[in-house]
Structure formats: C-alpha cells, structure tokens
file target35.txt (compact mmCIF, N, CA and C atoms)
# COMPACT_ATOMS: atom_id res chain seq x y z
N MET A 232 0.84 -1.17 0.00
CA MET A 232 0.00 0.00 0.00
C MET A 232 0.89 1.24 0.00
N ALA A 233 0.74 2.09 -1.00
CA ALA A 233 1.53 3.32 -1.09
C ALA A 233 0.65 4.51 -0.77
N PHE A 234 1.20 5.42 0.01
CA PHE A 234 0.52 6.68 0.26
C PHE A 234 1.56 7.76 0.44
N GLN A 235 1.11 9.00 0.39
CA GLN A 235 2.02 10.14 0.40
C GLN A 235 1.73 11.00 1.63
N VAL A 236 2.77 11.47 2.30
CA VAL A 236 2.66 12.37 3.44
C VAL A 236 3.31 13.69 3.03
N THR A 237 2.53 14.79 3.13
CA THR A 237 3.00 16.09 2.65
C THR A 237 2.78 17.16 3.71
N PRO A 238 3.79 17.98 4.02
CA PRO A 238 3.56 19.12 4.92
C PRO A 238 2.63 20.12 4.24
N PHE A 239 1.74 20.72 5.03
CA PHE A 239 0.73 21.65 4.52
C PHE A 239 0.76 22.90 5.38
N ILE A 240 1.20 24.01 4.82
CA ILE A 240 1.30 25.27 5.55
C ILE A 240 0.01 26.06 5.33
N MET A 241 -0.67 26.42 6.43
CA MET A 241 -1.90 27.20 6.37
C MET A 241 -1.62 28.61 6.88
N LEU A 242 -1.95 29.60 6.05
CA LEU A 242 -1.69 30.99 6.40
C LEU A 242 -2.98 31.80 6.33
N ASP A 243 -2.95 32.99 6.84
CA ASP A 243 -4.14 33.84 6.90
C ASP A 243 -3.99 34.99 5.91
N GLY A 244 -4.20 34.68 4.60
CA GLY A 244 -4.14 35.71 3.58
C GLY A 244 -2.74 36.00 3.05
N LYS A 245 -1.75 35.22 3.46
CA LYS A 245 -0.37 35.48 3.03
C LYS A 245 0.22 34.33 2.20
N ALA A 246 -0.63 33.43 1.72
CA ALA A 246 -0.13 32.27 0.97
C ALA A 246 0.61 32.68 -0.30
N LYS A 247 0.07 33.63 -1.06
CA LYS A 247 0.73 34.05 -2.30
C LYS A 247 2.10 34.67 -1.99
N GLU A 248 2.15 35.46 -0.93
CA GLU A 248 3.42 36.07 -0.51
C GLU A 248 4.43 34.99 -0.11
N ALA A 249 3.95 33.98 0.63
CA ALA A 249 4.83 32.89 1.07
C ALA A 249 5.35 32.11 -0.13
N ILE A 250 4.48 31.86 -1.12
CA ILE A 250 4.90 31.13 -2.31
C ILE A 250 6.01 31.88 -3.03
N GLN A 251 5.85 33.18 -3.19
CA GLN A 251 6.90 33.98 -3.84
C GLN A 251 8.21 33.87 -3.06
N PHE A 252 8.12 33.90 -1.74
CA PHE A 252 9.30 33.77 -0.90
C PHE A 252 9.96 32.40 -1.10
N TYR A 253 9.17 31.33 -1.13
CA TYR A 253 9.73 29.98 -1.30
C TYR A 253 10.29 29.78 -2.70
N GLU A 254 9.70 30.44 -3.71
CA GLU A 254 10.26 30.38 -5.06
C GLU A 254 11.67 30.97 -5.06
N THR A 255 11.83 32.12 -4.42
CA THR A 255 13.12 32.80 -4.38
C THR A 255 14.11 32.11 -3.47
N SER A 256 13.68 31.78 -2.25
CA SER A 256 14.62 31.26 -1.26
C SER A 256 14.91 29.78 -1.40
N LEU A 257 13.94 28.99 -1.88
CA LEU A 257 14.12 27.53 -1.95
C LEU A 257 14.12 26.98 -3.37
N GLY A 258 13.92 27.85 -4.35
CA GLY A 258 13.85 27.37 -5.73
C GLY A 258 12.59 26.58 -6.01
N ALA A 259 11.53 26.85 -5.25
CA ALA A 259 10.26 26.13 -5.42
C ALA A 259 9.65 26.43 -6.78
N LYS A 260 9.01 25.44 -7.34
CA LYS A 260 8.29 25.59 -8.60
C LYS A 260 6.80 25.36 -8.32
N ILE A 261 5.97 26.25 -8.84
CA ILE A 261 4.52 26.11 -8.65
C ILE A 261 3.99 25.05 -9.60
N VAL A 262 3.34 24.03 -9.04
CA VAL A 262 2.75 22.96 -9.82
C VAL A 262 1.26 23.22 -10.02
N PHE A 263 0.60 23.79 -9.00
CA PHE A 263 -0.85 23.99 -9.05
C PHE A 263 -1.24 25.08 -8.06
N THR A 264 -2.20 25.91 -8.45
CA THR A 264 -2.84 26.83 -7.51
C THR A 264 -4.33 26.92 -7.84
N GLN A 265 -5.13 27.15 -6.80
CA GLN A 265 -6.56 27.37 -6.97
C GLN A 265 -7.03 28.31 -5.87
N SER A 266 -7.66 29.40 -6.26
CA SER A 266 -8.20 30.32 -5.27
C SER A 266 -9.56 29.82 -4.79
N PHE A 267 -10.05 30.39 -3.69
CA PHE A 267 -11.39 30.05 -3.23
C PHE A 267 -12.42 30.41 -4.29
N GLY A 268 -12.18 31.50 -5.03
CA GLY A 268 -13.11 31.91 -6.08
C GLY A 268 -13.13 30.99 -7.28
N GLU A 269 -12.04 30.24 -7.52
CA GLU A 269 -11.96 29.32 -8.66
C GLU A 269 -12.54 27.95 -8.33
N ALA A 270 -12.71 27.64 -7.06
CA ALA A 270 -13.25 26.34 -6.65
C ALA A 270 -14.75 26.28 -6.96
N PRO A 271 -15.30 25.08 -7.16
CA PRO A 271 -16.74 24.98 -7.38
C PRO A 271 -17.51 25.59 -6.20
N GLU A 272 -18.59 26.28 -6.50
CA GLU A 272 -19.38 26.93 -5.45
C GLU A 272 -20.12 25.90 -4.61
N ASP A 273 -20.19 26.18 -3.32
CA ASP A 273 -20.95 25.37 -2.37
C ASP A 273 -22.00 26.28 -1.76
N PRO A 274 -23.28 26.10 -2.14
CA PRO A 274 -24.32 27.00 -1.64
C PRO A 274 -24.44 27.02 -0.11
N GLU A 275 -24.04 25.94 0.53
CA GLU A 275 -24.10 25.88 2.00
C GLU A 275 -22.97 26.66 2.65
N HIS A 276 -21.88 26.92 1.91
CA HIS A 276 -20.73 27.65 2.43
C HIS A 276 -20.25 28.66 1.37
N PRO A 277 -21.04 29.71 1.13
CA PRO A 277 -20.61 30.68 0.12
C PRO A 277 -19.34 31.41 0.53
N VAL A 278 -18.51 31.72 -0.45
CA VAL A 278 -17.26 32.42 -0.20
C VAL A 278 -17.51 33.92 -0.33
N PRO A 279 -17.20 34.69 0.70
CA PRO A 279 -17.37 36.15 0.60
C PRO A 279 -16.49 36.71 -0.51
N ASN A 280 -16.94 37.76 -1.16
CA ASN A 280 -16.19 38.36 -2.27
C ASN A 280 -14.77 38.72 -1.88
N GLU A 281 -14.57 39.23 -0.66
CA GLU A 281 -13.23 39.65 -0.25
C GLU A 281 -12.29 38.47 -0.04
N ALA A 282 -12.80 37.25 -0.03
CA ALA A 282 -11.96 36.07 0.18
C ALA A 282 -11.72 35.27 -1.10
N LYS A 283 -12.33 35.66 -2.20
CA LYS A 283 -12.24 34.87 -3.43
C LYS A 283 -10.82 34.80 -4.00
N ASP A 284 -9.98 35.80 -3.72
CA ASP A 284 -8.59 35.78 -4.21
C ASP A 284 -7.65 35.00 -3.31
N ARG A 285 -8.09 34.63 -2.12
CA ARG A 285 -7.24 33.85 -1.21
C ARG A 285 -7.02 32.46 -1.83
N LEU A 286 -5.86 31.87 -1.55
CA LEU A 286 -5.55 30.55 -2.11
C LEU A 286 -6.19 29.44 -1.30
N ALA A 287 -7.00 28.63 -1.96
CA ALA A 287 -7.61 27.47 -1.33
C ALA A 287 -6.62 26.31 -1.29
N HIS A 288 -5.74 26.25 -2.29
CA HIS A 288 -4.76 25.17 -2.34
C HIS A 288 -3.67 25.52 -3.34
N SER A 289 -2.46 25.09 -3.04
CA SER A 289 -1.36 25.17 -4.00
C SER A 289 -0.40 24.03 -3.72
N VAL A 290 0.27 23.63 -4.78
CA VAL A 290 1.29 22.58 -4.67
C VAL A 290 2.58 23.16 -5.21
N LEU A 291 3.62 23.09 -4.39
CA LEU A 291 4.95 23.53 -4.81
C LEU A 291 5.86 22.32 -4.87
N LYS A 292 6.78 22.34 -5.78
CA LYS A 292 7.78 21.29 -5.89
C LYS A 292 9.11 21.90 -5.47
N ILE A 293 9.74 21.30 -4.47
CA ILE A 293 11.06 21.73 -4.01
C ILE A 293 11.96 20.51 -4.12
N GLY A 294 12.80 20.49 -5.14
CA GLY A 294 13.56 19.27 -5.42
C GLY A 294 12.58 18.18 -5.80
N ASP A 295 12.68 17.03 -5.13
CA ASP A 295 11.76 15.92 -5.38
C ASP A 295 10.57 15.92 -4.43
N ALA A 296 10.54 16.87 -3.49
CA ALA A 296 9.48 16.91 -2.48
C ALA A 296 8.38 17.90 -2.85
N GLU A 297 7.20 17.67 -2.29
CA GLU A 297 6.09 18.59 -2.47
C GLU A 297 5.80 19.31 -1.16
N LEU A 298 5.29 20.53 -1.28
CA LEU A 298 4.85 21.33 -0.15
C LEU A 298 3.52 21.94 -0.55
N PHE A 299 2.51 21.80 0.31
CA PHE A 299 1.22 22.42 0.06
C PHE A 299 1.17 23.72 0.84
N VAL A 300 0.62 24.77 0.23
CA VAL A 300 0.46 26.07 0.88
C VAL A 300 -0.93 26.59 0.54
N ALA A 301 -1.64 27.10 1.54
CA ALA A 301 -2.98 27.67 1.31
C ALA A 301 -3.28 28.70 2.38
N ASP A 302 -4.31 29.49 2.12
CA ASP A 302 -4.84 30.39 3.13
C ASP A 302 -5.94 29.66 3.89
N THR A 303 -6.16 30.06 5.11
CA THR A 303 -7.28 29.51 5.87
C THR A 303 -8.58 29.94 5.20
N SER A 304 -9.62 29.18 5.44
CA SER A 304 -10.94 29.55 4.94
C SER A 304 -11.39 30.83 5.62
N PRO A 305 -12.23 31.60 4.95
CA PRO A 305 -12.73 32.81 5.57
C PRO A 305 -13.38 32.51 6.93
N GLY A 306 -12.97 33.23 7.95
CA GLY A 306 -13.53 33.05 9.28
C GLY A 306 -12.86 31.98 10.11
N GLU A 307 -12.00 31.17 9.50
CA GLU A 307 -11.29 30.11 10.24
C GLU A 307 -10.09 30.73 10.95
N PRO A 308 -9.96 30.45 12.25
CA PRO A 308 -8.82 31.04 12.96
C PRO A 308 -7.49 30.46 12.48
N ASN A 309 -6.48 31.30 12.52
CA ASN A 309 -5.13 30.86 12.14
C ASN A 309 -4.27 30.96 13.39
N ARG A 310 -4.13 29.83 14.07
CA ARG A 310 -3.37 29.77 15.32
C ARG A 310 -2.05 29.06 15.06
N SER A 311 -1.13 29.24 15.98
CA SER A 311 0.17 28.59 15.81
C SER A 311 0.03 27.08 15.74
N GLY A 312 -0.98 26.50 16.34
CA GLY A 312 -1.16 25.05 16.32
C GLY A 312 -1.69 24.49 15.03
N ASN A 313 -2.27 25.34 14.16
CA ASN A 313 -2.80 24.79 12.92
C ASN A 313 -2.14 25.36 11.66
N ARG A 314 -1.05 26.08 11.80
CA ARG A 314 -0.37 26.65 10.63
C ARG A 314 0.32 25.59 9.79
N VAL A 315 0.90 24.60 10.45
CA VAL A 315 1.52 23.51 9.70
C VAL A 315 0.71 22.25 9.98
N GLN A 316 0.20 21.66 8.93
CA GLN A 316 -0.60 20.46 9.03
C GLN A 316 0.06 19.35 8.21
N ILE A 317 -0.40 18.15 8.41
CA ILE A 317 0.13 17.02 7.65
C ILE A 317 -1.00 16.50 6.77
N CYS A 318 -0.74 16.40 5.47
CA CYS A 318 -1.72 15.86 4.53
C CYS A 318 -1.27 14.45 4.14
N ILE A 319 -2.14 13.49 4.38
CA ILE A 319 -1.85 12.11 3.99
C ILE A 319 -2.78 11.76 2.83
N THR A 320 -2.19 11.44 1.69
CA THR A 320 -2.96 11.06 0.51
C THR A 320 -2.88 9.55 0.37
N THR A 321 -4.05 8.92 0.39
CA THR A 321 -4.11 7.45 0.34
C THR A 321 -4.60 6.99 -1.03
N PRO A 322 -4.34 5.71 -1.36
CA PRO A 322 -4.76 5.22 -2.67
C PRO A 322 -6.22 4.77 -2.72
N ASP A 323 -6.87 4.61 -1.53
CA ASP A 323 -8.24 4.10 -1.53
C ASP A 323 -9.03 4.61 -0.32
N ILE A 324 -10.34 4.58 -0.44
CA ILE A 324 -11.24 5.10 0.61
C ILE A 324 -11.09 4.31 1.91
N GLU A 325 -10.90 3.01 1.83
CA GLU A 325 -10.78 2.18 3.03
C GLU A 325 -9.60 2.62 3.88
N THR A 326 -8.46 2.89 3.25
CA THR A 326 -7.28 3.35 4.00
C THR A 326 -7.55 4.71 4.61
N SER A 327 -8.21 5.59 3.86
CA SER A 327 -8.53 6.91 4.40
C SER A 327 -9.39 6.78 5.66
N TYR A 328 -10.40 5.95 5.62
CA TYR A 328 -11.25 5.74 6.81
C TYR A 328 -10.47 5.15 7.97
N ARG A 329 -9.59 4.20 7.67
CA ARG A 329 -8.80 3.58 8.74
C ARG A 329 -7.92 4.62 9.44
N PHE A 330 -7.22 5.44 8.66
CA PHE A 330 -6.37 6.48 9.24
C PHE A 330 -7.21 7.51 10.00
N PHE A 331 -8.30 7.97 9.38
CA PHE A 331 -9.14 9.00 9.98
C PHE A 331 -9.73 8.51 11.30
N ASP A 332 -10.27 7.29 11.29
CA ASP A 332 -10.87 6.74 12.51
C ASP A 332 -9.84 6.60 13.63
N ALA A 333 -8.64 6.18 13.29
CA ALA A 333 -7.59 6.03 14.30
C ALA A 333 -7.18 7.38 14.88
N LEU A 334 -7.03 8.39 14.01
CA LEU A 334 -6.57 9.70 14.46
C LEU A 334 -7.60 10.45 15.30
N GLN A 335 -8.87 10.16 15.10
CA GLN A 335 -9.89 10.89 15.85
C GLN A 335 -10.08 10.36 17.28
N GLN A 336 -9.48 9.22 17.61
CA GLN A 336 -9.58 8.69 18.97
C GLN A 336 -8.95 9.69 19.94
N ASP A 337 -9.74 10.21 20.88
CA ASP A 337 -9.31 11.23 21.84
C ASP A 337 -8.87 12.52 21.15
N GLY A 338 -9.28 12.70 19.91
CA GLY A 338 -8.96 13.92 19.17
C GLY A 338 -10.24 14.67 18.84
N GLN A 339 -10.19 15.49 17.79
CA GLN A 339 -11.35 16.29 17.41
C GLN A 339 -11.49 16.33 15.89
N VAL A 340 -12.67 15.97 15.41
CA VAL A 340 -12.95 16.03 13.98
C VAL A 340 -13.23 17.48 13.60
N ILE A 341 -12.50 17.99 12.63
CA ILE A 341 -12.71 19.34 12.13
C ILE A 341 -13.68 19.30 10.95
N MET A 342 -13.46 18.34 10.06
CA MET A 342 -14.35 18.13 8.91
C MET A 342 -14.48 16.62 8.72
N PRO A 343 -15.68 16.08 8.82
CA PRO A 343 -15.84 14.63 8.65
C PRO A 343 -15.32 14.17 7.29
N LEU A 344 -14.88 12.92 7.24
CA LEU A 344 -14.42 12.34 5.98
C LEU A 344 -15.62 12.25 5.04
N GLN A 345 -15.50 12.86 3.87
CA GLN A 345 -16.63 12.92 2.94
C GLN A 345 -16.14 13.18 1.52
N LYS A 346 -17.03 12.96 0.55
CA LYS A 346 -16.71 13.23 -0.85
C LYS A 346 -16.72 14.74 -1.06
N VAL A 347 -15.68 15.24 -1.74
CA VAL A 347 -15.58 16.65 -2.11
C VAL A 347 -15.15 16.71 -3.58
N HIS A 348 -15.11 17.91 -4.14
CA HIS A 348 -14.85 18.02 -5.59
C HIS A 348 -13.48 17.50 -6.01
N PHE A 349 -12.52 17.41 -5.09
CA PHE A 349 -11.18 16.97 -5.48
C PHE A 349 -10.80 15.59 -4.94
N SER A 350 -11.72 14.96 -4.18
CA SER A 350 -11.39 13.66 -3.58
C SER A 350 -12.67 12.88 -3.25
N PRO A 351 -12.64 11.56 -3.45
CA PRO A 351 -13.81 10.76 -3.07
C PRO A 351 -13.96 10.61 -1.54
N ALA A 352 -12.91 10.92 -0.79
CA ALA A 352 -12.99 10.89 0.68
C ALA A 352 -11.92 11.82 1.24
N TYR A 353 -12.36 12.95 1.82
CA TYR A 353 -11.46 13.95 2.37
C TYR A 353 -12.02 14.42 3.71
N GLY A 354 -11.14 14.59 4.68
CA GLY A 354 -11.56 15.13 5.97
C GLY A 354 -10.37 15.66 6.74
N MET A 355 -10.68 16.40 7.81
CA MET A 355 -9.64 16.97 8.66
C MET A 355 -9.91 16.58 10.11
N VAL A 356 -8.84 16.22 10.80
CA VAL A 356 -8.96 15.81 12.19
C VAL A 356 -7.72 16.26 12.95
N THR A 357 -7.92 16.71 14.19
CA THR A 357 -6.80 17.04 15.06
C THR A 357 -6.66 15.89 16.05
N ASP A 358 -5.48 15.31 16.13
CA ASP A 358 -5.28 14.15 17.00
C ASP A 358 -5.15 14.56 18.46
N GLN A 359 -5.00 13.59 19.32
CA GLN A 359 -4.94 13.84 20.76
C GLN A 359 -3.72 14.66 21.17
N PHE A 360 -2.76 14.85 20.26
CA PHE A 360 -1.56 15.63 20.57
C PHE A 360 -1.63 17.05 20.00
N GLY A 361 -2.76 17.39 19.36
CA GLY A 361 -2.94 18.72 18.81
C GLY A 361 -2.41 18.89 17.40
N VAL A 362 -2.06 17.79 16.73
CA VAL A 362 -1.57 17.84 15.35
C VAL A 362 -2.75 17.66 14.41
N THR A 363 -2.88 18.57 13.44
CA THR A 363 -3.99 18.49 12.49
C THR A 363 -3.55 17.73 11.24
N PHE A 364 -4.38 16.75 10.87
CA PHE A 364 -4.15 15.93 9.69
C PHE A 364 -5.27 16.16 8.68
N GLN A 365 -4.90 16.26 7.42
CA GLN A 365 -5.86 16.25 6.33
C GLN A 365 -5.70 14.89 5.65
N ILE A 366 -6.78 14.14 5.60
CA ILE A 366 -6.75 12.82 4.96
C ILE A 366 -7.46 12.97 3.62
N SER A 367 -6.79 12.58 2.54
CA SER A 367 -7.35 12.74 1.20
C SER A 367 -7.12 11.45 0.41
N THR A 368 -8.14 11.05 -0.32
CA THR A 368 -8.05 9.85 -1.16
C THR A 368 -7.80 10.28 -2.59
N GLN A 369 -6.86 9.62 -3.26
CA GLN A 369 -6.59 9.92 -4.68
C GLN A 369 -7.81 9.59 -5.50
N ARG A 370 -7.99 10.33 -6.56
CA ARG A 370 -9.07 10.02 -7.52
C ARG A 370 -8.66 8.89 -8.39
call {"tool": "encode", "arguments": {"input": "target35.txt", "output": "structure tokens"}}
result
Amino acid sequence: MAFQVTPFIMLDGKAKEAIQFYETSLGAKIVFTQSFGEAPEDPEHPVPNEAKDRLAHSVLKIGDAELFVADTSPGEPNRSGNRVQICITTPDIETSYRFFDALQQDGQVIMPLQKVHFSPAYGMVTDQFGVTFQISTQR
C-alpha cells in the first residue's frame, strides 16, 4: 500500500506572498494553484467576495518533495497550532477511513471524511496531541 505524506502550511491571507518567498529562497516551482473563487461553489458555504482571491490550495515542488500552501478559509482562525498540518494522501477510501478513525480517537474532527470536488474521501482531524491531519483519497 503506497501513500504520500506532505507538509501543509496554512496561512491567513499570506499564501501568495509565502509562495513567492519559497520560489526565491528555496527554488520552489509552482505545480498547481486554486483560489477560493476558482473552486466549485458550495451553496451551503458561500465564499465572501473579499476572500475569493485567497488561495484554497497550491502545490509547490522543491527538489523531489512537495509542499502544500494555502490560506485559511474565511472566518477560520489561524493559530500557531494549525499553521503547519500534515496531509496524507491514500490510494483508496478504506485506507482513508482507517487512518481517519484512528486519528480521531481522543482527538477532534474538524471536517468529517466525505466526498468533495477533489477527492472521493477527504476530511480533517486534530489528533490527541494537537496535530492536524488532512486525509485525502486519490481520484
């Protein structure tokens, strides 16, 4: 079973600035970016106009490694404990559920594991040690 573990930096409106810094300082190459305004609309969670330019997700390549960088969702607090998260990408839904269920023991579910526009099973959970994990299943 192969899966990928990627550091995920969450910022409060400074993701684009951070990416420029990492391009210059680390030789990072931008592989993908998507703003909140470019993502499919969710009528249950509309994005305010002032947040549409914030980055919902980006992938940078630094050497052979990947780094994810994004801005927090509008209204989501940006605390020192959630700025760096770990994203685990699994090859199948069963593995995603196994990891998610294990991590939520004595932890806190931030977003239940569910189908979203970029993954058949994605969720966020903070474990009992205060580390936030994003679990994502490959398409």
call {"tool": "residues_around", "arguments": {"input": "target35.txt", "residues": "A:Met241", "least_positions_apart": "3", "cutoff": "6 Å", "atoms": "only C-alpha atoms", "output": "PyMOL selection string"}}
result
chain A and resi 301-303+314
call {"tool": "closest_residue", "arguments": {"input": "target35.txt", "among": "A:Ile317, A:Leu334, A:Val278, A:Ile250", "to": "A:Ile293", "atoms": "only C-alpha atoms"}}
result
A:Ile250
call {"tool": "residues_around", "arguments": {"input": "target35.txt", "residues": "stretch 321-323 of chain A", "least_positions_apart": "2", "cutoff": "12 Å", "atoms": "only C-alpha atoms", "output": "ChimeraX atom specification"}}
result
/A:232-237,318-319,325-331,350-353,365-370
call {"tool": "closest_residue", "arguments": {"input": "target35.txt", "among": "A:Val300, A:Val347, A:Leu291, A:Ile324", "to": "A:Glu272", "atoms": "only C-alpha atoms"}}
result
A:Val347
call {"tool": "closest_residue", "arguments": {"input": "target35.txt", "among": "A:Ala287, A:Val362, A:Val262, A:Met342", "to": "A:Val315", "atoms": "only C-alpha atoms"}}
result
A:Val362
call {"tool": "residues_near_point", "arguments": {"input": "target35.txt", "point": "(-9.8, 18.3, 11.1)", "cutoff": "9 Å", "atoms": "only C-alpha atoms", "output": "count of residues only"}}
result
15
call {"tool": "atom_distance", "arguments": {"input": "target35.txt", "atom1": "atom CA of A:Phe360", "atom2": "atom CA of A:Asn309"}}
result
17.8 Å
call {"tool": "closest_residue", "arguments": {"input": "target35.txt", "among": "A:Thr320, A:Gly306, A:Leu286, A:Gly338", "to": "A:Ala246", "atoms": "all atoms listed in the file"}}
result
A:Leu286
call {"tool": "residues_around", "arguments": {"input": "target35.txt", "residues": "A:Gln251", "least_positions_apart": "5", "cutoff": "12 Å", "atoms": "only C-alpha atoms", "output": "PyMOL selection string"}}
result
chain A and resi 245-246+256-261+291+300
call {"tool": "select_by_dssp", "arguments": {"input": "target35.txt", "residues": "stretch 250-334 of chain A", "states": "strand (DSSP E or B)", "output": "PyMOL selection string"}}
result
chain A and resi 260-266+286-293+296-302+315-321
call {"tool": "select_by_dssp", "arguments": {"input": "target35.txt", "residues": "stretch 247-357 of chain A", "states": "helix (DSSP H, G or I)", "output": "PyMOL selection string"}}
result
chain A and resi 247-257+280-282+324-334
call {"tool": "atom_distance", "arguments": {"input": "target35.txt", "atom1": "atom C of A:Pro238", "atom2": "atom C of A:Phe252"}}
result
15.3 Å
call {"tool": "atom_distance", "arguments": {"input": "target35.txt", "atom1": "atom N of A:Glu275", "atom2": "atom CA of A:Lys346"}}
result
14.7 Å
call {"tool": "residues_around", "arguments": {"input": "target35.txt", "residues": "A:Pro277", "least_positions_apart": "4", "cutoff": "12 Å", "atoms": "only C-alpha atoms", "output": "list in words"}}
result
Phe267, Gly268, Ala270, Pro271, Glu272, Asp273, Glu281, Ala282, Lys283, Ser304, Pro305 and Gly306 of chain A
call {"tool": "axis_aligned_box", "arguments": {"input": "target35.txt", "around": "stretch 278-294 of chain A", "padding_each_side": "4 Å", "output": "lines of an AutoDock Vina configuration file"}}
result
center_x = -2.5
center_y = 28.9
center_z = -2.6
size_x = 40.1
size_y = 29.5
size_z = 14.6
